[in-house]
$ cat coords_21.cif   # mmCIF, C-alpha atoms
data_entry
loop_
_atom_site.group_PDB
_atom_site.id
_atom_site.type_symbol
_atom_site.label_atom_id
_atom_site.label_comp_id
_atom_site.auth_asym_id
_atom_site.auth_seq_id
_atom_site.Cartn_x
_atom_site.Cartn_y
_atom_site.Cartn_z
ATOM 1 C CA MET A 1 -53.914 -78.709 64.659
ATOM 2 C CA LYS A 2 -50.527 -80.130 65.637
ATOM 3 C CA LYS A 3 -50.113 -81.734 62.179
ATOM 4 C CA LEU A 4 -50.828 -78.370 60.545
ATOM 5 C CA TRP A 5 -48.048 -76.693 62.551
ATOM 6 C CA ILE A 6 -45.616 -79.493 61.736
ATOM 7 C CA THR A 7 -46.489 -79.266 58.045
ATOM 8 C CA LEU A 8 -46.089 -75.468 58.074
ATOM 9 C CA GLY A 9 -42.765 -75.845 59.928
ATOM 10 C CA VAL A 10 -41.469 -78.346 57.360
ATOM 11 C CA ILE A 11 -42.582 -76.110 54.476
ATOM 12 C CA ALA A 12 -40.926 -73.082 56.116
ATOM 13 C CA LEU A 13 -37.722 -75.095 56.615
ATOM 14 C CA ILE A 14 -37.738 -76.204 52.970
ATOM 15 C CA ILE A 15 -38.271 -72.603 51.837
ATOM 16 C CA LEU A 16 -35.432 -71.394 54.070
ATOM 17 C CA LEU A 17 -33.092 -74.112 52.773
ATOM 18 C CA ALA A 18 -33.998 -73.342 49.155
ATOM 19 C CA ALA A 19 -33.485 -69.597 49.709
ATOM 20 C CA GLY A 20 -30.133 -70.265 51.393
ATOM 21 C CA TRP A 21 -29.058 -72.477 48.509
ATOM 22 C CA LEU A 22 -30.128 -69.832 45.967
ATOM 23 C CA ILE A 23 -28.317 -67.031 47.781
ATOM 24 C CA SER A 24 -25.217 -69.185 48.196
ATOM 25 C CA GLY A 25 -25.167 -70.011 44.470
ATOM 26 C CA LEU A 26 -25.632 -66.384 43.464
ATOM 27 C CA ASN A 27 -22.857 -65.300 45.824
ATOM 28 C CA GLN A 28 -20.524 -68.059 44.602
ATOM 29 C CA VAL A 29 -20.638 -66.857 40.993
ATOM 30 C CA VAL A 30 -19.905 -63.299 42.154
ATOM 31 C CA ARG A 31 -16.942 -64.498 44.253
ATOM 32 C CA LEU A 32 -15.543 -66.406 41.279
ATOM 33 C CA ASP A 33 -15.997 -63.401 38.979
ATOM 34 C CA GLU A 34 -14.254 -61.128 41.468
ATOM 35 C CA ALA A 35 -11.386 -63.617 41.789
ATOM 36 C CA VAL A 36 -10.921 -63.478 38.001
ATOM 37 C CA ASN A 37 -11.034 -59.663 38.075
ATOM 38 C CA SER A 38 -8.526 -59.542 40.909
ATOM 39 C CA ALA A 39 -6.159 -61.953 39.149
ATOM 40 C CA TRP A 40 -6.429 -59.901 35.954
ATOM 41 C CA ALA A 41 -5.580 -56.731 37.882
ATOM 42 C CA GLN A 42 -2.395 -58.424 39.106
ATOM 43 C CA VAL A 43 -1.489 -59.420 35.539
ATOM 44 C CA GLU A 44 -2.030 -55.824 34.414
ATOM 45 C CA ASN A 45 0.082 -54.583 37.315
ATOM 46 C CA GLN A 46 3.035 -56.713 36.207
ATOM 47 C CA LEU A 47 2.523 -55.847 32.530
ATOM 48 C CA GLN A 48 2.586 -52.160 33.461
ATOM 49 C CA ARG A 49 5.796 -52.714 35.444
ATOM 50 C CA ARG A 50 7.346 -54.260 32.335
ATOM 51 C CA ASN A 51 6.009 -51.406 30.244
ATOM 52 C CA ASP A 52 7.728 -48.931 32.568
ATOM 53 C CA LEU A 53 11.071 -50.779 32.314
ATOM 54 C CA VAL A 54 11.075 -51.072 28.520
ATOM 55 C CA PRO A 55 12.086 -47.476 27.651
ATOM 56 C CA ASN A 56 15.127 -47.683 29.935
ATOM 57 C CA LEU A 57 16.181 -51.003 28.457
ATOM 58 C CA VAL A 58 15.656 -49.789 24.888
ATOM 59 C CA ASN A 59 17.667 -46.607 25.487
ATOM 60 C CA THR A 60 20.508 -48.555 27.067
ATOM 61 C CA VAL A 61 20.684 -50.999 24.166
ATOM 62 C CA LYS A 62 20.267 -48.204 21.588
ATOM 63 C CA GLY A 63 23.536 -46.675 22.636
ATOM 64 C CA TYR A 64 25.382 -49.836 21.649
ATOM 65 C CA ALA A 65 23.311 -51.097 18.738
ATOM 66 C CA ALA A 66 22.162 -48.048 16.821
ATOM 67 C CA HIS A 67 21.656 -49.952 13.563
ATOM 68 C CA GLU A 68 19.041 -52.314 15.075
ATOM 69 C CA LYS A 69 16.357 -49.690 14.581
ATOM 70 C CA ASP A 70 13.540 -52.041 13.514
ATOM 71 C CA VAL A 71 13.677 -53.959 16.818
ATOM 72 C CA PHE A 72 13.565 -50.727 18.849
ATOM 73 C CA THR A 73 10.717 -49.363 16.752
ATOM 74 C CA ARG A 74 8.657 -52.538 17.171
ATOM 75 C CA VAL A 75 9.184 -52.645 20.950
ATOM 76 C CA THR A 76 8.198 -48.984 21.246
ATOM 77 C CA GLU A 77 5.115 -49.463 19.055
ATOM 78 C CA LEU A 78 3.926 -52.466 21.057
ATOM 79 C CA ARG A 79 4.484 -50.668 24.348
ATOM 80 C CA SER A 80 2.298 -47.840 23.069
ATOM 81 C CA GLN A 81 -0.347 -50.271 21.782
ATOM 82 C CA TRP A 82 -0.582 -51.961 25.179
ATOM 83 C CA GLY A 83 -1.314 -48.613 26.803
ATOM 84 C CA LYS A 84 -4.075 -47.957 24.269
ATOM 85 C CA ALA A 85 -5.637 -51.441 24.393
ATOM 86 C CA GLY A 86 -9.190 -51.242 25.661
ATOM 87 C CA THR A 87 -10.231 -54.839 26.171
ATOM 88 C CA GLN A 88 -8.661 -57.794 27.924
ATOM 89 C CA ALA A 89 -8.294 -59.610 24.601
ATOM 90 C CA GLU A 90 -6.415 -56.662 23.065
ATOM 91 C CA LYS A 91 -4.134 -56.395 26.096
ATOM 92 C CA ILE A 92 -3.419 -60.121 26.038
ATOM 93 C CA ALA A 93 -2.545 -60.042 22.324
ATOM 94 C CA THR A 94 -0.314 -56.982 22.682
ATOM 95 C CA ALA A 95 1.409 -58.357 25.787
ATOM 96 C CA ASN A 96 2.200 -61.585 23.945
ATOM 97 C CA GLN A 97 3.617 -59.648 20.979
ATOM 98 C CA LEU A 98 5.684 -57.473 23.314
ATOM 99 C CA SER A 99 7.128 -60.584 24.979
ATOM 100 C CA GLY A 100 8.353 -61.764 21.588
ATOM 101 C CA ALA A 101 9.790 -58.363 20.681
ATOM 102 C CA LEU A 102 11.622 -58.136 24.007
ATOM 103 C CA SER A 103 13.122 -61.579 23.407
ATOM 104 C CA ARG A 104 14.458 -60.341 20.057
ATOM 105 C CA LEU A 105 15.811 -57.215 21.752
ATOM 106 C CA LEU A 106 17.676 -59.301 24.312
ATOM 107 C CA LEU A 107 19.040 -61.501 21.516
ATOM 108 C CA VAL A 108 20.342 -58.362 19.770
ATOM 109 C CA ALA A 109 22.079 -57.417 22.989
ATOM 110 C CA GLU A 110 23.925 -60.760 22.963
ATOM 111 C CA ASN A 111 25.938 -59.506 19.960
ATOM 112 C CA TYR A 112 27.459 -56.626 21.930
ATOM 113 C CA PRO A 113 30.010 -57.719 24.561
ATOM 114 C CA GLN A 114 30.440 -54.161 25.872
ATOM 115 C CA LEU A 115 26.696 -53.932 26.442
ATOM 116 C CA LYS A 116 26.581 -57.245 28.307
ATOM 117 C CA ALA A 117 29.216 -55.844 30.679
ATOM 118 C CA ASN A 118 27.372 -52.526 31.183
ATOM 119 C CA GLN A 119 26.012 -52.342 34.736
ATOM 120 C CA ASN A 120 22.862 -50.442 33.686
ATOM 121 C CA PHE A 121 22.045 -53.070 31.100
ATOM 122 C CA LEU A 122 22.674 -55.926 33.525
ATOM 123 C CA SER A 123 20.453 -54.303 36.127
ATOM 124 C CA LEU A 124 17.670 -53.632 33.631
ATOM 125 C CA GLN A 125 17.953 -57.135 32.211
ATOM 126 C CA ALA A 126 17.675 -58.638 35.709
ATOM 127 C CA GLN A 127 14.657 -56.461 36.492
ATOM 128 C CA LEU A 128 13.024 -57.395 33.202
ATOM 129 C CA GLU A 129 13.682 -61.102 33.769
ATOM 130 C CA GLY A 130 12.193 -60.806 37.258
ATOM 131 C CA THR A 131 9.192 -59.006 35.836
ATOM 132 C CA GLU A 132 8.737 -61.665 33.155
ATOM 133 C CA ASN A 133 8.743 -64.300 35.908
ATOM 134 C CA ARG A 134 6.167 -62.320 37.872
ATOM 135 C CA ILE A 135 4.035 -62.005 34.745
ATOM 136 C CA ALA A 136 4.221 -65.767 34.229
ATOM 137 C CA VAL A 137 3.124 -66.392 37.821
ATOM 138 C CA GLU A 138 0.256 -63.901 37.600
ATOM 139 C CA ARG A 139 -0.840 -65.318 34.226
ATOM 140 C CA MET A 140 -0.936 -68.770 35.823
ATOM 141 C CA ARG A 141 -3.022 -67.455 38.744
ATOM 142 C CA TYR A 142 -5.342 -65.605 36.366
ATOM 143 C CA ASN A 143 -5.834 -68.706 34.216
ATOM 144 C CA ARG A 144 -6.540 -70.780 37.341
ATOM 145 C CA GLU A 145 -9.291 -68.323 38.371
ATOM 146 C CA VAL A 146 -10.701 -68.267 34.829
ATOM 147 C CA LYS A 147 -10.796 -72.065 34.886
ATOM 148 C CA ALA A 148 -12.698 -72.079 38.190
ATOM 149 C CA PHE A 149 -15.177 -69.463 36.946
ATOM 150 C CA ASN A 150 -15.728 -71.115 33.561
ATOM 151 C CA ALA A 151 -16.107 -74.570 35.123
ATOM 152 C CA TYR A 152 -18.673 -73.292 37.640
ATOM 153 C CA ARG A 153 -20.488 -71.455 34.868
ATOM 154 C CA ARG A 154 -20.777 -74.718 32.924
ATOM 155 C CA THR A 155 -22.403 -76.660 35.771
ATOM 156 C CA VAL A 156 -26.169 -77.057 35.710
ATOM 157 C CA PHE A 157 -26.986 -74.701 38.553
ATOM 158 C CA GLY A 158 -23.874 -72.564 38.028
ATOM 159 C CA ALA A 159 -25.168 -71.637 34.569
ATOM 160 C CA VAL A 160 -28.476 -70.568 36.092
ATOM 161 C CA PHE A 161 -26.804 -68.507 38.809
ATOM 162 C CA ALA A 162 -24.335 -66.931 36.350
ATOM 163 C CA SER A 163 -27.183 -66.033 34.017
ATOM 164 C CA MET A 164 -29.163 -64.516 36.886
ATOM 165 C CA ARG A 165 -26.139 -62.332 37.730
ATOM 166 C CA GLY A 166 -25.501 -61.408 34.092
ATOM 167 C CA LEU A 167 -22.213 -63.350 34.053
ATOM 168 C CA HIS A 168 -23.128 -65.900 31.402
ATOM 169 C CA GLN A 169 -20.133 -65.267 29.103
ATOM 170 C CA PRO A 170 -17.014 -67.399 29.628
ATOM 171 C CA ARG A 171 -13.835 -65.550 30.595
ATOM 172 C CA GLU A 172 -10.877 -65.611 28.231
ATOM 173 C CA TYR A 173 -7.657 -67.425 29.109
ATOM 174 C CA PHE A 174 -4.298 -65.670 28.808
ATOM 175 C CA GLU A 175 -2.724 -68.161 26.420
ATOM 176 C CA THR A 176 0.788 -68.242 25.037
ATOM 177 C CA PRO A 177 0.903 -67.492 21.311
ATOM 178 C CA GLU A 178 2.234 -70.174 18.960
ATOM 179 C CA SER A 179 5.237 -67.974 18.104
ATOM 180 C CA ALA A 180 6.424 -68.116 21.729
ATOM 181 C CA LYS A 181 6.746 -71.886 21.495
ATOM 182 C CA GLU A 182 9.488 -71.595 18.847
ATOM 183 C CA VAL A 183 13.030 -71.975 20.078
ATOM 184 C CA PRO A 184 14.903 -68.676 19.592
ATOM 185 C CA LEU A 185 17.969 -68.769 17.360
ATOM 186 C CA VAL A 186 21.117 -67.673 19.176
ATOM 187 C CA LYS A 187 24.268 -67.105 17.102
ATOM 188 C CA PHE A 188 27.743 -66.619 18.546
#

$ encode --input "coords_21.cif" --output "C-alpha cells"
Amino acid sequence: MKKLWITLGVIALIILLAAGWLISGLNQVVRLDEAVNSAWAQVENQLQRRNDLVPNLVNTVKGYAAHEKDVFTRVTELRSQWGKAGTQAEKIATANQLSGALSRLLLVAENYPQLKANQNFLSLQAQLEGTENRIAVERMRYNREVKAFNAYRRTVFGAVFASMRGLHQPREYFETPESAKEVPLVKF
C-alpha cells in the first residue's frame, strides 16, 4: 500500500512539473509577443512625433526655398502615406522613405544662409534631430524584442508554444533601407 502511495505521489509530482513547464512556456511566448508590441508602439509614438513636426519644418523652409517644390511635395505625400498605412510593413517602408525625404529637405536648407540663421528653423531642426535619435533608439529596442521573440519561436519547444498560442509567424525587423546607407552629397 505504501508503494502505491509513493508511486501515485511521484506521478502527481511529474504531472505538476509538466503542467508548470507547459504553462511557463505558453506564458513566455505571450510575454515576448507583448514586448514586441510594446516596442512597436514606442516606435509608432516617435514616428508620429516626427510626423507632427514635419508640417512646421516644411512651412518654415518653404518661405525661403519656394522653388524646391518637389522636395516639399514628396515629404507631404510620405507624411500622408504614413498616416494611411495599415500594416507594420507599410509603416516601416513609409517611415524609411520619409527619413530619406527629410534628409533631402535638410540638405536643401543648407543652401539658404538666412534660413540657417532663422530661430524657428533652428528650433525645428533640433527637435527633428532629437526625434530622429529617439526613433533610432526605439527601432533598436523594437528589433531587440523581435530578435528575442523570433529566436524563442525557432527553438524546439518555443515553436510548439508559439503555435499553440497562434503566434507562429516571425515578426518583421525594422531594417534600414539600402538608400539610407548612401552618403549624402553636400555642396557648398

$ atom_distance --input "coords_21.cif" --atom1 "CA of Ala85 (chain A)" --atom2 "CA of Trp40 (chain A)"
14.3 Å

$ resolve_selection --input "coords_21.cif" --expression "the PyMOL selection byres ((chain A and resi 88-97) around 8)" --output "PDB file with C-alpha atoms, in the frame of the given file"
ATOM      1  CA  LEU A  47       2.523 -55.847  32.530  1.00  0.00           C
ATOM      2  CA  LEU A  78       3.926 -52.466  21.057  1.00  0.00           C
ATOM      3  CA  GLN A  81      -0.347 -50.271  21.782  1.00  0.00           C
ATOM      4  CA  TRP A  82      -0.582 -51.961  25.179  1.00  0.00           C
ATOM      5  CA  ALA A  85      -5.637 -51.441  24.393  1.00  0.00           C
ATOM      6  CA  GLY A  86      -9.190 -51.242  25.661  1.00  0.00           C
ATOM      7  CA  THR A  87     -10.231 -54.839  26.171  1.00  0.00           C
ATOM      8  CA  LEU A  98       5.684 -57.473  23.314  1.00  0.00           C
ATOM      9  CA  SER A  99       7.128 -60.584  24.979  1.00  0.00           C
ATOM     10  CA  GLY A 100       8.353 -61.764  21.588  1.00  0.00           C
ATOM     11  CA  ALA A 101       9.790 -58.363  20.681  1.00  0.00           C
ATOM     12  CA  GLU A 172     -10.877 -65.611  28.231  1.00  0.00           C
ATOM     13  CA  PHE A 174      -4.298 -65.670  28.808  1.00  0.00           C
ATOM     14  CA  THR A 176       0.788 -68.242  25.037  1.00  0.00           C
ATOM     15  CA  PRO A 177       0.903 -67.492  21.311  1.00  0.00           C
TER      16      PRO A 177
END

$ resolve_selection --input "coords_21.cif" --expression "the PyMOL selection byres ((chain A and resi 35) around 12)" --output "list in words"
Gln28, Val29, Val30, Arg31, Leu32, Asp33, Glu34, Val36, Asn37, Ser38, Ala39, Trp40, Ala41, Gln42, Arg141, Tyr142, Asn143, Arg144, Glu145, Val146, Lys147, Ala148, Phe149, Asn150 and Arg171 of chain A

$ axis_aligned_box --input "coords_21.cif" --around "region 99-110 of chain A" --padding-each-side "3 Å" --output "lines of an AutoDock Vina configuration file"
center_x = 15.5
center_y = -59.5
center_z = 22.4
size_x = 22.8
size_y = 10.5
size_z = 11.2

$ atom_distance --input "coords_21.cif" --atom1 "CA of Glu129 (chain A)" --atom2 "CA of Tyr173 (chain A)"
22.7 Å

$ residues_around --input "coords_21.cif" --residues "Leu26 (chain A)" --least-positions-apart "5" --cutoff "8 Å" --atoms "only C-alpha atoms" --output "VMD selection string"
chain A and resid 161 to 162 164 to 165

$ atom_distance --input "coords_21.cif" --atom1 "CA of Gly25 (chain A)" --atom2 "CA of Glu175 (chain A)"
28.9 Å

$ residues_around --input "coords_21.cif" --residues "Arg49 (chain A)" --least-positions-apart "6" --cutoff "10 Å" --atoms "only C-alpha atoms" --output "PyMOL selection string"
chain A and resi 43+127-128+131-132+134-135

$ closest_residue --input "coords_21.cif" --among "A:Ile14, A:Leu167, A:Ala151, A:Leu124" --to "Val54 (chain A)" --atoms "all atoms listed in the file"
A:Leu124

$ closest_residue --input "coords_21.cif" --among "A:Leu17, A:Ala136, A:Val58, A:Val75" --to "Glu44 (chain A)" --atoms "only C-alpha atoms"
A:Ala136

$ closest_residue --input "coords_21.cif" --among "A:Gln46, A:Ser24, A:Ser80, A:Gln119" --to "Val137 (chain A)" --atoms "all atoms listed in the file"
A:Gln46

$ resolve_selection --input "coords_21.cif" --expression "the PyMOL selection byres ((chain A and resi 125) around 12)" --output "MDAnalysis selection string"
chainID A and resid 50 53:54 56:58 60:61 102:103 105:107 109:110 115:124 126:132

$ closest_residue --input "coords_21.cif" --among "A:Ile23, A:Gln48, A:Asp70, A:Gln169" --to "Gly83 (chain A)" --atoms "all atoms listed in the file"
A:Gln48

$ decode --input "coords_21.cif" --residues "region 90-129 of chain A" --atoms "N, CA and C atoms" --output "short mmCIF file (atom, residue, chain, number, x, y, z; two decimals), in the first residue's frame"
data_model
loop_
_atom_site.label_atom_id
_atom_site.label_comp_id
_atom_site.auth_asym_id
_atom_site.auth_seq_id
_atom_site.Cartn_x
_atom_site.Cartn_y
_atom_site.Cartn_z
N GLU A 90 3.98 48.29 -44.04
CA GLU A 90 3.72 49.54 -44.77
C GLU A 90 4.25 50.75 -43.99
N LYS A 91 4.06 50.74 -42.69
CA LYS A 91 4.55 51.86 -41.87
C LYS A 91 6.08 51.91 -41.87
N ILE A 92 6.71 50.75 -41.80
CA ILE A 92 8.17 50.70 -41.83
C ILE A 92 8.68 51.25 -43.16
N ALA A 93 8.10 50.81 -44.26
CA ALA A 93 8.55 51.27 -45.58
C ALA A 93 8.35 52.78 -45.74
N THR A 94 7.20 53.27 -45.33
CA THR A 94 6.93 54.71 -45.45
C THR A 94 7.83 55.52 -44.54
N ALA A 95 8.06 55.04 -43.32
CA ALA A 95 8.94 55.76 -42.39
C ALA A 95 10.35 55.84 -42.94
N ASN A 96 10.82 54.77 -43.56
CA ASN A 96 12.16 54.79 -44.15
C ASN A 96 12.23 55.77 -45.32
N GLN A 97 11.19 55.82 -46.15
CA GLN A 97 11.16 56.77 -47.26
C GLN A 97 11.11 58.21 -46.74
N LEU A 98 10.33 58.43 -45.68
CA LEU A 98 10.23 59.77 -45.11
C LEU A 98 11.56 60.22 -44.53
N SER A 99 12.30 59.30 -43.93
CA SER A 99 13.64 59.65 -43.41
C SER A 99 14.52 60.18 -44.53
N GLY A 100 14.49 59.51 -45.67
CA GLY A 100 15.28 59.95 -46.82
C GLY A 100 14.83 61.30 -47.34
N ALA A 101 13.53 61.51 -47.42
CA ALA A 101 12.99 62.78 -47.92
C ALA A 101 13.34 63.92 -46.96
N LEU A 102 13.29 63.66 -45.67
CA LEU A 102 13.65 64.70 -44.70
C LEU A 102 15.13 65.05 -44.80
N SER A 103 15.96 64.06 -45.06
CA SER A 103 17.39 64.33 -45.25
C SER A 103 17.60 65.26 -46.44
N ARG A 104 16.87 65.00 -47.53
CA ARG A 104 16.97 65.88 -48.71
C ARG A 104 16.46 67.28 -48.39
N LEU A 105 15.40 67.37 -47.59
CA LEU A 105 14.86 68.67 -47.20
C LEU A 105 15.89 69.45 -46.40
N LEU A 106 16.56 68.78 -45.47
CA LEU A 106 17.57 69.47 -44.67
C LEU A 106 18.78 69.85 -45.51
N LEU A 107 19.09 69.06 -46.54
CA LEU A 107 20.17 69.44 -47.45
C LEU A 107 19.79 70.67 -48.26
N VAL A 108 18.53 70.78 -48.67
CA VAL A 108 18.06 71.97 -49.37
C VAL A 108 18.24 73.19 -48.48
N ALA A 109 17.93 73.02 -47.22
CA ALA A 109 18.04 74.14 -46.28
C ALA A 109 19.47 74.64 -46.15
N GLU A 110 20.45 73.76 -46.38
CA GLU A 110 21.85 74.16 -46.28
C GLU A 110 22.20 75.26 -47.29
N ASN A 111 21.46 75.34 -48.38
CA ASN A 111 21.74 76.34 -49.43
C ASN A 111 21.20 77.72 -49.11
N TYR A 112 20.55 77.89 -47.98
CA TYR A 112 19.93 79.17 -47.65
C TYR A 112 20.46 79.68 -46.31
N PRO A 113 21.48 80.55 -46.35
CA PRO A 113 22.09 81.05 -45.11
C PRO A 113 21.10 81.77 -44.20
N GLN A 114 20.14 82.50 -44.79
CA GLN A 114 19.16 83.21 -43.96
C GLN A 114 18.30 82.20 -43.19
N LEU A 115 17.99 81.10 -43.84
CA LEU A 115 17.16 80.07 -43.20
C LEU A 115 17.93 79.42 -42.05
N LYS A 116 19.20 79.14 -42.26
CA LYS A 116 20.00 78.50 -41.22
C LYS A 116 20.11 79.39 -39.98
N ALA A 117 19.94 80.71 -40.17
CA ALA A 117 20.02 81.63 -39.04
C ALA A 117 18.65 81.87 -38.40
N ASN A 118 17.57 81.41 -39.05
CA ASN A 118 16.22 81.63 -38.56
C ASN A 118 15.98 80.79 -37.31
N GLN A 119 15.55 81.44 -36.23
CA GLN A 119 15.38 80.75 -34.95
C GLN A 119 14.33 79.64 -35.03
N ASN A 120 13.24 79.88 -35.77
CA ASN A 120 12.21 78.83 -35.91
C ASN A 120 12.78 77.59 -36.58
N PHE A 121 13.56 77.82 -37.64
CA PHE A 121 14.14 76.70 -38.35
C PHE A 121 15.12 75.95 -37.45
N LEU A 122 15.96 76.68 -36.74
CA LEU A 122 16.93 76.04 -35.85
C LEU A 122 16.24 75.21 -34.78
N SER A 123 15.17 75.75 -34.23
CA SER A 123 14.42 75.03 -33.20
C SER A 123 13.78 73.77 -33.78
N LEU A 124 13.15 73.91 -34.94
CA LEU A 124 12.52 72.76 -35.58
C LEU A 124 13.56 71.71 -35.97
N GLN A 125 14.69 72.17 -36.49
CA GLN A 125 15.74 71.24 -36.88
C GLN A 125 16.25 70.47 -35.65
N ALA A 126 16.44 71.16 -34.54
CA ALA A 126 16.90 70.50 -33.32
C ALA A 126 15.87 69.49 -32.83
N GLN A 127 14.59 69.87 -32.89
CA GLN A 127 13.54 68.94 -32.46
C GLN A 127 13.49 67.72 -33.37
N LEU A 128 13.63 67.97 -34.67
CA LEU A 128 13.60 66.86 -35.63
C LEU A 128 14.81 65.95 -35.43
N GLU A 129 15.97 66.52 -35.21
CA GLU A 129 17.17 65.70 -34.96
C GLU A 129 16.98 64.87 -33.68
#
